[in-house]
Structures are given as C-alpha cells and as structure tokens.
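K.L.:
Mind having a look at this structure? Questions to follow.
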Amino acid sequence: MKLGILGGSFAPVHKGHIFLAEKALSAFKLDRVVFVPAYRSPFKLDAEGMETSVKDRIDMLAASVIGDSRFAIDNCEIRREGVSYTVDTLEDIIGRYMPTGKPKLIIGDDLAEDFPKWRDSDKILKLADIVIARRLNNKAIKHPFAHTAIENEILDISSNEIRRRIIEGGNWQELIPSGAAAIIENRKLYGYGGGSRPEAPFNSVIQRVETAARETLSTERFLHSRQTAIQAFDLCRRFGLEPLDGYLAGIAHDLAKQLDNKSMLKIVKTAGVDISDLEMDKPNLLHGKAAAVLIRERFSIHNEDILEAVACHTSGSENMGPLAKVIYIADKTEATRTIEPALRKMCREDSLDNILIAVIEKTITKLQAKGQDLSQDTILLLNKIRKEKIENN
C-alpha cells in the first residue's frame with residue numbers, strides 16, 4: 001500500500017486539507033492518505049481554537065471524508081497525549097500500516113522552512129519522503145533537504161481565518177466540508193451563535209450508517225469501526241467481493257456496542273435470533289447480532305451477506321460466507337490493532353482461509369491467556385476450515 005500522511009490540528013478541518021490530500025493521492029498514485037490530528041502541535045502551543053475537544057475535531061474530520069475509503073483517520077498522537085512529534089508518529093504508523101516503500105509526509109511550505117529544526121529531522125528523512133505543498137508561495141522554494149513539491153493551486157483558507165469568521169458572524173460555511181460545518185453549527189463550536197440546523201440528509205445508506213456510528217459510539221470505538229471498514233474494503237477488493245459491502249458491514253459491525261446488556265438481549269430476543277448459553281451468560285457478546293438487527297430495522301439493509309457478517313463478527317460461525325470471514329478478520333487486524341507484522345503481511349498476501357485460521361488461533365490464545373470461555377461457534381469454525389484446508393491440499 002502506497003501511503004500518504006497529513007497531520008495537523010484540524011481545528012477545524014477545511015476544504016484546503018481535503019484538497020491537498022486528494023492532490024497527493026493523484027500526484028503520487030497513493031492508495032490512502034492518513035489524517036493524523038495532533039493532541040498538541042509543537043508549532044501551535046499557544047494557538048487559539050485548540051480548546052475544542054478531541055471528539056469535536058475527529059468528528060469534523062470523519063464527517064468530511066464519510067464513506068471514502070481513500071482516507072483514514074488515525075488518533076495515535078491523541079492516544080499518546082502531550083506534545084506530538086512527527087518522528088514518533090512516523091515510527092508508529094509505519095509499524096502498523098506497513099506501507100509499500102517510504103510513506104509520503106505531506107507538509108505545507110509554511111512549515112517547511114523550519115523542518116531542519118524539527119526533532120530528529122534527519123531520522124524523519126530516513127523514514128519518509130517529504131512532500132511540500134504550496135500554502136503561501138506561488139513558486140517552488142528551494143530547501144536544503146530532500147523533498148518533492150506538489151504543483152498545487154493555493155487555496156487561501158486557514159483554520160485561524162475560519163474561526164475568526166465564525167466569531168464575527170462572517171461567511172465561513174463555504175470554506176468547510178458540509179458535514180464539518182453542520183457539526184460546528186449543531187454544537188456551537190468556536191463561538192458560533194447563529195442557531196442550529198439538522199445535518200443535511202444523506203442519500204447513501206453507507207453515509208447514514210457511518211453518521212449513526214459516529215454519533216452513538218465513543219471516539220475510540222468509532223475510529224476502530226471506520227478502520228475496520230477500510231480494512232474490509234481492501235480485503236474485499238483482494239478477494240473479488242464487493243468492496244462497498246465490506247465497508248458497510250465494517251462501519252456497522254459495532255453499532256450496538258454502546259448498548260447495555262439488557263437492551264442487547266431485548267433486541268436479539270424480540271427479533272427471534274438464537275442466543276447461546278455463553279451469550280446468555282455474557283450478553284456483551286451479542287453486540288454483533290444486535291447490530292445486525294438494528295441495521296435491518298433502522299436502515300432497511302436486507303443483504304443477507306452483510307447481515308451475517310455483522311452478526312457473527314464476534315464469535316464466527318461454522319458456515320459463514322466469504323464476507324463474514326472478511327469482517328471477522330478486519331475487526332481483529334485493522335490498523336489501530338497491535339498485531340504481529342507477519343499477520344499484517346498475511347492479510348495482503350495469503351488466502352482468505354489461511355488468514356482466518358491465523359486470526360482465530362491468535363484470538364483463542366488471547367482468550368485462553370485471560371481464562372475466558374471459548375464460543376462453540378469459534379471452535380466449530382476453526383475445525384471446519386482446518387479440515388477443508390487438509391482436504392484441498
């Protein structure tokens with residue numbers, strides 16, 4: 001995977017950020033650009049606007065790239081807290097995303113002049129290819145370090161200017177993706193006082209489900225769901241399945257995760273879905289089945305492959321189909337998960353069933369180490385695909 005990385009405060013995200021990400025995708029034929037919101041930027045220690053919550057900034061980003069698998073959002077700097085240094089972020093992302101070749105680190109020409117002063121700048125140059133985008137200067141500026149310049153149009157947009165316009169009641173909505181603008185208005189961010197309006201209706205089922213996930217799940221859980229959706233999209237493309245089905249199942253798989261056990265039991269029982277003894281004892285295991293019921297009833301999703309994939313992503317199922325296998329794998333191997341590099345490599349190179357066997361074995365080992373009970377569905381699934389593998393060899 002050819003990867004680009006675009007960091008920033010994103011307070012708020014604006015069309016200039018999205019424009020640069022799309023320009024990098026096109027110019028370098030990247031597979032994905034990862035947006036990395038800073039917990040606290042070393043360049044903006046005293047900046048106004050950073051008082052906006054982490055959730056607000058991530059939600060605005062997510063609403064700006066909704067349903068678009070070309071863009072990932074990674075909160076590694078937020079998890080680390082403190083001042084964010086690029087060298088640490090690069091090492092983290094390279095270790096988890098395992099890009100093909102060096103990733104492209106996209107920075108604006110407003111920051112490039114001081115790049116040699118960045119912490120471990122020499123190491124950054126070894127880890128990533130520096131891409132300089134025009135923010136201030138129409139002509140390319142020479143810099144004393146290896147880099148590539150993007151020939152992009154300068155968009156006269158800045159987060160500072162947007163915040164100023166919001167406070168002063170000026171025209172700012174046209175500078176921001178519509179999803180982010182609606183969040184600013186609804187939550188009255190940055191001193192907005194013009195009243196609220198409902199978010200614009202979405203035509204796409206994916207967009208509506210992703211919005212529901214963002215609004216109901218914790219930030220960590222939502223980002224996990226979106227990364228699962230992106231991983232599922234990639235796996236589906238590899239194995240000849242419909243990628244958008246994978247994305248939809250991935251973004252929906254934890255939709256019931258925020259419900260309490262009593263609510264999950266009620267949803268599943270009312271729908272007439274079978275409940276195992278283990279699930280009765282530990283109702284939190286029902287969140288996949290409950291999510292499948294929710295997306296069928298609330299979003300009129302009746303694709304049986306998608307419903308199956310969402311329902312059995314927790315424990316698996318002996319006879320589950322290819323999409324369900326993809327979601328089971330994606331849930332446990334998406335980019336925010338800490339897993340062995342060998343398993344990430346398998347996801348890009350090995351067969352679907354071989355990856356599934358490896359993921360299930362890792363899951364069983366982890367559960368046994370914690371002294372937790374194994375689902376009979378998981379055991380039956382593992383035994384079946386092992387048997388099929390032997391028979392096919």
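By convention here, the chains of the structure tokens are called A, B, ... in the order presented, each chain's residues are numbered starting at 1, and ligands are numbered starting at 1 in the order presented.
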Could you tell me, as a PyMOL selection string, which residues of region 13-250 of chain A DSSP assigns to helix (DSSP H, G or I) when given the backbone?
P.N.:
chain A and resi 15-28+54-64+76-80+86-97+109-112+115-117+121-127+159-168+173-175+178-187+189-191+205-216+219-238+243-250
K.L.:
One decimal, Å: what's the distance from CA of Asp122 (chain A) over to CA of Phe145 (chain A), could you say?
P.N.:
9.1 Å
K.L.:
I'd like to know which of A:Lys282, A:His224, A:Arg238, A:His14 is closest to Lys332 (chain A), using only C-alpha atoms.
P.N.:
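Closest to Lys332 (chain A) of all the choices is A:His224.
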K.L.:
What does the distance between CA of Gly250 (chain A) and CA of Thr228 (chain A) come to in Å, to one decimal place?
P.N.:
5.2 Å
K.L.:
For CA of Lys266 (chain A) and CA of Asp254 (chain A), quote the distance in Å rounded to one decimal.
P.N.:
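We find that CA of Lys266 (chain A) and CA of Asp254 (chain A) lie 16.9 Å from each other.
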K.L.:
Tell me which of A:Arg134, A:Arg70, A:Lys15, A:Lys188 sits closest to Asp31 (chain A), counting only C-alpha atoms.
P.N.:
A:Arg70
K.L.:
Tell me which of A:His147, A:Ile154, A:Leu255, A:Phe239 sits closest to Glu349 (chain A), counting only C-alpha atoms.
P.N.:
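Among A:His147, A:Ile154, A:Leu255, A:Phe239, it is A:Phe239 that comes nearest to Glu349 (chain A).
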K.L.:
Fewer than 3 positions away in the same chain doesn't count, so skip those; otherwise give me all residues within 7 Å of region 163-176 of chain A, counting only C-alpha atoms, as JSON, numbers by chain.
P.N.:
{"A": [13, 14, 15, 157, 159, 160, 180, 181, 190, 191, 192]}
